[in-house]
Amino acid sequence: MSEPGPGAAVPAAEVEEPAAAPPGPEARPAGRFRALGGRALVPVLSILTAFVVGALVIVFSDPETLRLFTSDPVAALQRAVEQVASAYSALVSGALGSPTQIAGALASGDGKQIARAFVPISETVLNATPLIFTGLSVALGFRSGLFNIGAEGQLYLGAIFATFVGFSLSGLPLVIHLPLAILAGFAGGALWGFIPGFLKARTGAHEVIVTIMLNYTAYRLLDWILKTSVFQRVGRNDPISKVVEESAAFPRFVGDAALRANWSTVVALLAAIAVSWLLFRSIRGFEFRAVGLNPGAARYAGMNIGRTVILTMIICGGLAGLAGTAHVLGPSRTLTPGFSPGWGFDGIAVALIGGSRPLGVVLAALLFGALRAGATPMQAATGIPIDLVVVIQALVIMFVAAPALVRGIYRLRTTQVTGTEVFAKGWGA
Amino acid sequence: MKLELRGISKRFPGVIANDGVDLLVQPGEIHALLGENGAGKSTLMNVLYGLYRPDEGEVLVDDAAVHFQGPGDAIRAGIGMVHQHFMLVPVFTVAENVTLGIESTRGPLRFLDRPDARRRIVEVSERHGFHLEPDAVVEDLPVGIRQRVEIVKALYRRSEVLILDEPTAVLTPQEDEELFGVMRSLAAAGTSIIFITHKLNEVLEIADRITVLRRGKVVGTTLPAETDENELARMMVGRPVQLQVTKPEARPGEPVLEVRGLTVLDDRGHVAVAGVDLTVRAGEIVAVAGVQGNGQTELVEAITGMRTAIAGEVEIGGRLLRLEPRRVMAAGVGHVPEDRLEEGLVTGFTVAENLILNSYYLKPFSDGLQLKRDAILATATELVGQYDVRTPTIFNDVGNLSGGNQQKVIVAREFSRPLRLLVAAQPTRGLDVGSIEYIHRRIVEKRDEGTAVVIVSTELDEILALGDRIAVMYQGRIVDILDPAEATPERLGLLMGGSGEAGAGAARNGASPGAAMAAGTTEGEA
């Protein structure tokens, strides 16, 4: 995941050995840290602020607390603090587990108990995995100046292809079958990404419109395909596919039935490294970024813009396809209609919060995964509805999208923002 | 209105943009503010216009201190600004643009009162001989007229001090003269004008008083009668400047570029280049003169592969070429594009990345798959030193450099390859004298190395300084090719305006005589 590499897109302070940089060597690590910190500052503060506002939502949505405020403000305040503390601690332990439980389980040496203690982390990682894929997909598009809203449809296509390869072949060893199924998943998404890429390159059709339309097409395609004899499970009338062979399923990290985290997460991290290499080390990535920042100059430099757009969309689609693949070859082992809870769209938020950088995308996806994993235990423990998590997610996105607001709240020195800048920078990076 | 700036200082992190600047502008005075890029002119004007608050010092209007919180305060105090990049809504009419934000209304529901607005605009514009058509849509107007819309916009807001930020940067020589007429008329009517520029001849021609800034400080204030271009240049740059390019006699060799019957369409599908023939030899500079919009842009774009020609052929180094940017570059052509931010550079990329923008895929910068970081950094470091690009490091965003240094990045990239042909469009547009001197010297060096050079420029000074032969374009044709000895500014001006002696020109370059005879006026005289 390391820092994106060559002198390339990277601001000065971040590169390890700038041959020409005048500042002394001792100044560099600090500078490097500051550059990284500077980039992460707004997202981190946005998350913090979202949780603060979320706490206010908890307090003000409770009629009992509100009533107490008029009669006994001290008690009301006490109740508010307790509520927020219990909700957030339930959220955190639901997402990461509780340290005492983990310690106790490890001390007991009982396999079952240890497994149970690690369920929250396992669920967080599992929930984050599709988001890493869709986040990378959208981030890569942003970098190339494309707004891929089609990750949702692309992930369905990837799931269809992966499922087909997963159940139709049998008798293959895992080392062959699983990679084949993964490749099929990538190819399915890539096909769905190729269409808007090709249309944009050849006819100028805007990728936003085309990808939105292809999302609907993908939903319906999935509905239809699950009713065909090729896909529909024998003996079933409802739309559900045949079961993916064991040899095409992602093995779990641990054999225990409670821990659903599996090797798809490793594939996701490898994909992040691959995207990082592609964007910042390869000559194709140089073209992607040049086209994204200034198509006119890219053309002047002899780059083929149409080809770059098509290639970008193919890779974007493939990455999103892997999100669906991770689901059908992972916990689900089967294909059902509308199985995605909006991973494709959450990918946009993840890419935005991650600053369209692979490392940022992974971290943002883990945050979203943790929120989702912690939401249900929180509701069970405190009665505060799962929707709070949605509110917090929405607030994070809102604050990240309005950095001036965050800088204003924390009185950070602002770089002057002009109207044109806002429009020119647009989405993403 | 009398305007005074006293001891203005403005600091940015790491930079002192203004350092105790004093400026006094008398009513009805044209006061030129002269300085290189980065000397602090824009900062000073932004302070005056209320965009920045000064760290020290004060602004006095008619001897009373004022504190502007924003441009709104400045406008109310009677200060108007015409930005270099116009602030107009292209799809609105002249009247709509002028009244934008202060529309005349009537009735309790505040309906727009268009007739009233129109009447007042016509009144303001006629008073100064602008002849603006209030119902014309701005995007249909030539640049010179748009600038007048900006000026009327300021006057409509009752500005008594007008700041013109490099107003001539976008104008043709003819339009320059018209603008100067307008400025004189405004000054005579009592409007004070602050005229920001780095063009020395203009300053001497139009200004009543000249203040020179260098590195945020006032170097001096002087009168046009008491100074000359050399002294002003020395004040601006801080050292004596070679204003005239000294170049040895050209020794033309073999033809390198042969353009035959080239016909090119512009963006709207109109014929922009109409069957042009042109030959450029090794070791000579052919300077293409012309009023903006007479096909020079499209000619360069076609030769460099940026725009597809519909007819004709181009031979480079004796070989017929399929015109695509990458093939053209591989044939040994360097291209300094007309618009450095639209085409020449990727802002958001580092200086290093921009230096390999069109060779990133070649050895030693890549192995065909990956970028070779060490080679890229080594080359970038070397070029930055060799071409004197002033940047803190090669990892800085090229968008944060001054215009002159941005252009040097392009020059470094294009000139450092072995070149057969160099095509440079507006190579010094918007640059200060120091940078212009530098780039001109480099171009002549390239010529003396035996490169064929094509320069396209709307600056007559540049054409005359560099050209070994001068081609004049008018309405898509080369109407004449002159020897610099016989090319006076007057004669060039006439040819550029379309009223050349047809016979001589046509005979020399084989263009159809009809084109040269087409007598016409320039766009600016609408």
# chains A, B, ... in the order shown; residues from 1 in each chain; ligands from 1
>>> interface_residues(of="chain B", to="chain A", cutoff="10 Å", atoms="only C-alpha atoms", output="number ranges by chain")
B: 301, 304-306, 324-329, 335, 337, 339-354, 356-362, 365-374, 376-378, 380-382, 384-385, 392-397
>>> residues_around(residues="stretch 178-184 of chain B", least_positions_apart="4", cutoff="8 Å", atoms="only C-alpha atoms", output="JSON, numbers by chain")
{"B": [30, 128, 129, 130, 174, 188, 193, 206]}
>>> select_by_dssp(residues="stretch 331-444 of chain B", states="helix (DSSP H, G or I)", output="PDB file with N, CA and C atoms, in the first residue's frame")
ATOM      1  N   ARG B 340      -0.475  27.757 -22.791  1.00  0.00           N
ATOM      2  CA  ARG B 340       0.343  26.850 -21.990  1.00  0.00           C
ATOM      3  C   ARG B 340      -0.461  26.108 -20.937  1.00  0.00           C
ATOM      4  N   LEU B 341      -1.565  26.694 -20.457  1.00  0.00           N
ATOM      5  CA  LEU B 341      -2.330  26.002 -19.422  1.00  0.00           C
ATOM      6  C   LEU B 341      -3.345  25.025 -20.006  1.00  0.00           C
ATOM      7  N   GLU B 342      -3.816  25.312 -21.231  1.00  0.00           N
ATOM      8  CA  GLU B 342      -4.772  24.407 -21.845  1.00  0.00           C
ATOM      9  C   GLU B 342      -4.081  23.190 -22.451  1.00  0.00           C
ATOM     10  N   GLU B 343      -2.882  23.419 -22.995  1.00  0.00           N
ATOM     11  CA  GLU B 343      -2.251  22.334 -23.740  1.00  0.00           C
ATOM     12  C   GLU B 343      -0.829  22.038 -23.322  1.00  0.00           C
ATOM     13  N   GLY B 344      -0.110  23.075 -22.942  1.00  0.00           N
ATOM     14  CA  GLY B 344       1.320  22.883 -22.733  1.00  0.00           C
ATOM     15  C   GLY B 344       1.673  22.169 -21.443  1.00  0.00           C
ATOM     16  N   VAL B 351       6.535  19.630 -11.589  1.00  0.00           N
ATOM     17  CA  VAL B 351       7.443  20.130 -12.614  1.00  0.00           C
ATOM     18  C   VAL B 351       8.119  18.949 -13.305  1.00  0.00           C
ATOM     19  N   ALA B 352       8.571  17.977 -12.513  1.00  0.00           N
ATOM     20  CA  ALA B 352       9.263  16.817 -13.086  1.00  0.00           C
ATOM     21  C   ALA B 352       8.360  16.081 -14.067  1.00  0.00           C
ATOM     22  N   GLU B 353       7.120  15.865 -13.684  1.00  0.00           N
ATOM     23  CA  GLU B 353       6.206  15.141 -14.573  1.00  0.00           C
ATOM     24  C   GLU B 353       5.942  15.918 -15.853  1.00  0.00           C
ATOM     25  N   ASN B 354       5.849  17.233 -15.724  1.00  0.00           N
ATOM     26  CA  ASN B 354       5.615  18.026 -16.921  1.00  0.00           C
ATOM     27  C   ASN B 354       6.820  18.028 -17.855  1.00  0.00           C
ATOM     28  N   LEU B 355       7.986  17.869 -17.275  1.00  0.00           N
ATOM     29  CA  LEU B 355       9.185  17.866 -18.125  1.00  0.00           C
ATOM     30  C   LEU B 355       9.279  16.591 -18.967  1.00  0.00           C
ATOM     31  N   ARG B 373      11.852   6.190 -12.157  1.00  0.00           N
ATOM     32  CA  ARG B 373      11.856   7.379 -11.343  1.00  0.00           C
ATOM     33  C   ARG B 373      13.213   8.076 -11.327  1.00  0.00           C
ATOM     34  N   ASP B 374      14.270   7.303 -11.167  1.00  0.00           N
ATOM     35  CA  ASP B 374      15.600   7.906 -11.050  1.00  0.00           C
ATOM     36  C   ASP B 374      15.948   8.702 -12.296  1.00  0.00           C
ATOM     37  N   ALA B 375      15.674   8.111 -13.459  1.00  0.00           N
ATOM     38  CA  ALA B 375      16.003   8.802 -14.700  1.00  0.00           C
ATOM     39  C   ALA B 375      15.177  10.075 -14.841  1.00  0.00           C
ATOM     40  N   ILE B 376      13.913   9.986 -14.444  1.00  0.00           N
ATOM     41  CA  ILE B 376      13.028  11.156 -14.560  1.00  0.00           C
ATOM     42  C   ILE B 376      13.523  12.278 -13.653  1.00  0.00           C
ATOM     43  N   LEU B 377      13.846  11.933 -12.424  1.00  0.00           N
ATOM     44  CA  LEU B 377      14.282  12.962 -11.475  1.00  0.00           C
ATOM     45  C   LEU B 377      15.618  13.556 -11.906  1.00  0.00           C
ATOM     46  N   ALA B 378      16.524  12.708 -12.386  1.00  0.00           N
ATOM     47  CA  ALA B 378      17.827  13.218 -12.807  1.00  0.00           C
ATOM     48  C   ALA B 378      17.668  14.195 -13.966  1.00  0.00           C
ATOM     49  N   THR B 379      16.859  13.804 -14.945  1.00  0.00           N
ATOM     50  CA  THR B 379      16.651  14.678 -16.101  1.00  0.00           C
ATOM     51  C   THR B 379      15.964  15.975 -15.681  1.00  0.00           C
ATOM     52  N   ALA B 380      14.960  15.843 -14.849  1.00  0.00           N
ATOM     53  CA  ALA B 380      14.229  17.029 -14.423  1.00  0.00           C
ATOM     54  C   ALA B 380      15.152  17.991 -13.678  1.00  0.00           C
ATOM     55  N   THR B 381      15.967  17.444 -12.796  1.00  0.00           N
ATOM     56  CA  THR B 381      16.888  18.282 -12.038  1.00  0.00           C
ATOM     57  C   THR B 381      17.833  19.018 -12.980  1.00  0.00           C
ATOM     58  N   GLU B 382      18.324  18.274 -13.965  1.00  0.00           N
ATOM     59  CA  GLU B 382      19.271  18.867 -14.903  1.00  0.00           C
ATOM     60  C   GLU B 382      18.594  19.984 -15.719  1.00  0.00           C
ATOM     61  N   LEU B 383      17.379  19.706 -16.209  1.00  0.00           N
ATOM     62  CA  LEU B 383      16.700  20.691 -17.057  1.00  0.00           C
ATOM     63  C   LEU B 383      16.327  21.941 -16.270  1.00  0.00           C
ATOM     64  N   VAL B 384      15.888  21.749 -15.049  1.00  0.00           N
ATOM     65  CA  VAL B 384      15.505  22.895 -14.224  1.00  0.00           C
ATOM     66  C   VAL B 384      16.716  23.812 -14.036  1.00  0.00           C
ATOM     67  N   GLY B 385      17.886  23.206 -13.827  1.00  0.00           N
ATOM     68  CA  GLY B 385      19.090  23.998 -13.689  1.00  0.00           C
ATOM     69  C   GLY B 385      19.479  24.668 -15.001  1.00  0.00           C
ATOM     70  N   GLN B 386      19.459  23.858 -16.048  1.00  0.00           N
ATOM     71  CA  GLN B 386      19.940  24.327 -17.345  1.00  0.00           C
ATOM     72  C   GLN B 386      19.067  25.441 -17.915  1.00  0.00           C
ATOM     73  N   VAL B 398       3.245  22.399 -11.013  1.00  0.00           N
ATOM     74  CA  VAL B 398       3.627  23.382 -12.012  1.00  0.00           C
ATOM     75  C   VAL B 398       2.631  24.540 -12.039  1.00  0.00           C
ATOM     76  N   GLY B 399       1.416  24.273 -11.578  1.00  0.00           N
ATOM     77  CA  GLY B 399       0.401  25.314 -11.563  1.00  0.00           C
ATOM     78  C   GLY B 399       0.708  26.442 -10.591  1.00  0.00           C
ATOM     79  N   ASN B 400       1.630  26.193  -9.660  1.00  0.00           N
ATOM     80  CA  ASN B 400       1.964  27.233  -8.693  1.00  0.00           C
ATOM     81  C   ASN B 400       3.132  28.103  -9.135  1.00  0.00           C
ATOM     82  N   GLY B 403       3.957  32.545 -14.591  1.00  0.00           N
ATOM     83  CA  GLY B 403       3.794  32.290 -16.018  1.00  0.00           C
ATOM     84  C   GLY B 403       5.121  32.110 -16.736  1.00  0.00           C
ATOM     85  N   GLY B 404       6.077  32.948 -16.383  1.00  0.00           N
ATOM     86  CA  GLY B 404       7.385  32.870 -17.029  1.00  0.00           C
ATOM     87  C   GLY B 404       8.066  31.543 -16.760  1.00  0.00           C
ATOM     88  N   ASN B 405       7.970  31.087 -15.531  1.00  0.00           N
ATOM     89  CA  ASN B 405       8.609  29.818 -15.195  1.00  0.00           C
ATOM     90  C   ASN B 405       7.855  28.638 -15.783  1.00  0.00           C
ATOM     91  N   GLN B 406       6.534  28.787 -15.888  1.00  0.00           N
ATOM     92  CA  GLN B 406       5.780  27.735 -16.566  1.00  0.00           C
ATOM     93  C   GLN B 406       6.240  27.613 -18.014  1.00  0.00           C
ATOM     94  N   GLN B 407       6.389  28.768 -18.656  1.00  0.00           N
ATOM     95  CA  GLN B 407       6.824  28.734 -20.055  1.00  0.00           C
ATOM     96  C   GLN B 407       8.224  28.149 -20.164  1.00  0.00           C
ATOM     97  N   LYS B 408       9.059  28.423 -19.182  1.00  0.00           N
ATOM     98  CA  LYS B 408      10.406  27.853 -19.210  1.00  0.00           C
ATOM     99  C   LYS B 408      10.365  26.336 -19.085  1.00  0.00           C
ATOM    100  N   VAL B 409       9.396  25.821 -18.336  1.00  0.00           N
ATOM    101  CA  VAL B 409       9.260  24.367 -18.230  1.00  0.00           C
ATOM    102  C   VAL B 409       8.967  23.790 -19.617  1.00  0.00           C
ATOM    103  N   ILE B 410       8.067  24.451 -20.339  1.00  0.00           N
ATOM    104  CA  ILE B 410       7.730  23.973 -21.688  1.00  0.00           C
ATOM    105  C   ILE B 410       8.944  24.078 -22.597  1.00  0.00           C
ATOM    106  N   VAL B 411       9.604  25.229 -22.523  1.00  0.00           N
ATOM    107  CA  VAL B 411      10.784  25.435 -23.369  1.00  0.00           C
ATOM    108  C   VAL B 411      11.844  24.375 -23.055  1.00  0.00           C
ATOM    109  N   ALA B 412      12.059  24.124 -21.765  1.00  0.00           N
ATOM    110  CA  ALA B 412      13.059  23.124 -21.380  1.00  0.00           C
ATOM    111  C   ALA B 412      12.693  21.760 -21.960  1.00  0.00           C
ATOM    112  N   ARG B 413      11.425  21.427 -21.871  1.00  0.00           N
ATOM    113  CA  ARG B 413      10.987  20.118 -22.360  1.00  0.00           C
ATOM    114  C   ARG B 413      11.152  20.009 -23.876  1.00  0.00           C
ATOM    115  N   GLU B 414      10.730  21.038 -24.580  1.00  0.00           N
ATOM    116  CA  GLU B 414      10.719  20.955 -26.039  1.00  0.00           C
ATOM    117  C   GLU B 414      12.095  21.176 -26.660  1.00  0.00           C
ATOM    118  N   PHE B 415      12.896  22.062 -26.035  1.00  0.00           N
ATOM    119  CA  PHE B 415      14.177  22.406 -26.641  1.00  0.00           C
ATOM    120  C   PHE B 415      15.261  21.381 -26.316  1.00  0.00           C
ATOM    121  N   VAL B 433       9.762  41.057 -19.273  1.00  0.00           N
ATOM    122  CA  VAL B 433      10.903  41.291 -20.166  1.00  0.00           C
ATOM    123  C   VAL B 433      12.042  40.317 -19.935  1.00  0.00           C
ATOM    124  N   GLY B 434      12.308  40.016 -18.665  1.00  0.00           N
ATOM    125  CA  GLY B 434      13.416  39.104 -18.383  1.00  0.00           C
ATOM    126  C   GLY B 434      13.196  37.755 -19.053  1.00  0.00           C
ATOM    127  N   SER B 435      11.972  37.233 -18.904  1.00  0.00           N
ATOM    128  CA  SER B 435      11.666  35.932 -19.484  1.00  0.00           C
ATOM    129  C   SER B 435      11.647  36.000 -21.009  1.00  0.00           C
ATOM    130  N   ILE B 436      11.124  37.102 -21.542  1.00  0.00           N
ATOM    131  CA  ILE B 436      11.074  37.247 -23.001  1.00  0.00           C
ATOM    132  C   ILE B 436      12.488  37.222 -23.567  1.00  0.00           C
ATOM    133  N   GLU B 437      13.368  37.992 -22.947  1.00  0.00           N
ATOM    134  CA  GLU B 437      14.750  38.038 -23.390  1.00  0.00           C
ATOM    135  C   GLU B 437      15.340  36.636 -23.405  1.00  0.00           C
ATOM    136  N   TYR B 438      15.080  35.898 -22.320  1.00  0.00           N
ATOM    137  CA  TYR B 438      15.635  34.561 -22.176  1.00  0.00           C
ATOM    138  C   TYR B 438      15.120  33.629 -23.270  1.00  0.00           C
ATOM    139  N   ILE B 439      13.809  33.641 -23.492  1.00  0.00           N
ATOM    140  CA  ILE B 439      13.225  32.703 -24.456  1.00  0.00           C
ATOM    141  C   ILE B 439      13.639  33.061 -25.875  1.00  0.00           C
ATOM    142  N   HIS B 440      13.694  34.349 -26.168  1.00  0.00           N
ATOM    143  CA  HIS B 440      14.166  34.753 -27.503  1.00  0.00           C
ATOM    144  C   HIS B 440      15.587  34.260 -27.746  1.00  0.00           C
ATOM    145  N   ARG B 441      16.428  34.395 -26.719  1.00  0.00           N
ATOM    146  CA  ARG B 441      17.813  33.962 -26.878  1.00  0.00           C
ATOM    147  C   ARG B 441      17.883  32.459 -27.172  1.00  0.00           C
ATOM    148  N   ARG B 442      17.077  31.703 -26.465  1.00  0.00           N
ATOM    149  CA  ARG B 442      17.068  30.250 -26.670  1.00  0.00           C
ATOM    150  C   ARG B 442      16.588  29.878 -28.081  1.00  0.00           C
ATOM    151  N   ILE B 443      15.589  30.633 -28.561  1.00  0.00           N
ATOM    152  CA  ILE B 443      15.068  30.333 -29.897  1.00  0.00           C
ATOM    153  C   ILE B 443      16.147  30.588 -30.943  1.00  0.00           C
ATOM    154  N   VAL B 444      16.853  31.707 -30.797  1.00  0.00           N
ATOM    155  CA  VAL B 444      17.917  32.013 -31.760  1.00  0.00           C
ATOM    156  C   VAL B 444      19.029  30.962 -31.677  1.00  0.00           C
TER     157      VAL B 444
END
>>> atom_distance(atom1="atom CA of B:Lys2", atom2="atom CA of B:Ala64")
9.9 Å
>>> closest_residue(among="B:Glu96, B:Asp483, B:Glu177, B:Asp19", to="B:Leu44", atoms="only C-alpha atoms")
B:Asp19
>>> atom_distance(atom1="atom CA of B:Gly35", atom2="atom CA of B:Gln244")
19.0 Å
>>> residues_around(residues="B:Ser42", least_positions_apart="4", cutoff="9 Å", atoms="only C-alpha atoms", output="mmCIF file with C-alpha atoms, in the first residue's frame")
data_model
loop_
_atom_site.group_PDB
_atom_site.id
_atom_site.type_symbol
_atom_site.label_atom_id
_atom_site.label_comp_id
_atom_site.auth_asym_id
_atom_site.auth_seq_id
_atom_site.Cartn_x
_atom_site.Cartn_y
_atom_site.Cartn_z
ATOM 1 C CA ASN B 37 5.482 38.691 -12.942
ATOM 2 C CA GLY B 38 5.565 38.160 -9.229
ATOM 3 C CA ASN B 46 -6.201 43.014 -4.743
ATOM 4 C CA VAL B 47 -5.535 45.012 -1.588
ATOM 5 C CA ASP B 165 -4.996 44.494 -15.245
ATOM 6 C CA ILE B 196 -0.955 47.334 -15.001
#
>>> residues_around(residues="A:Ala249", least_positions_apart="4", cutoff="12 Å", atoms="only C-alpha atoms", output="MDAnalysis selection string")
chainID A and resid 162:163 165:167 172:182 243:245 262:264 325:334
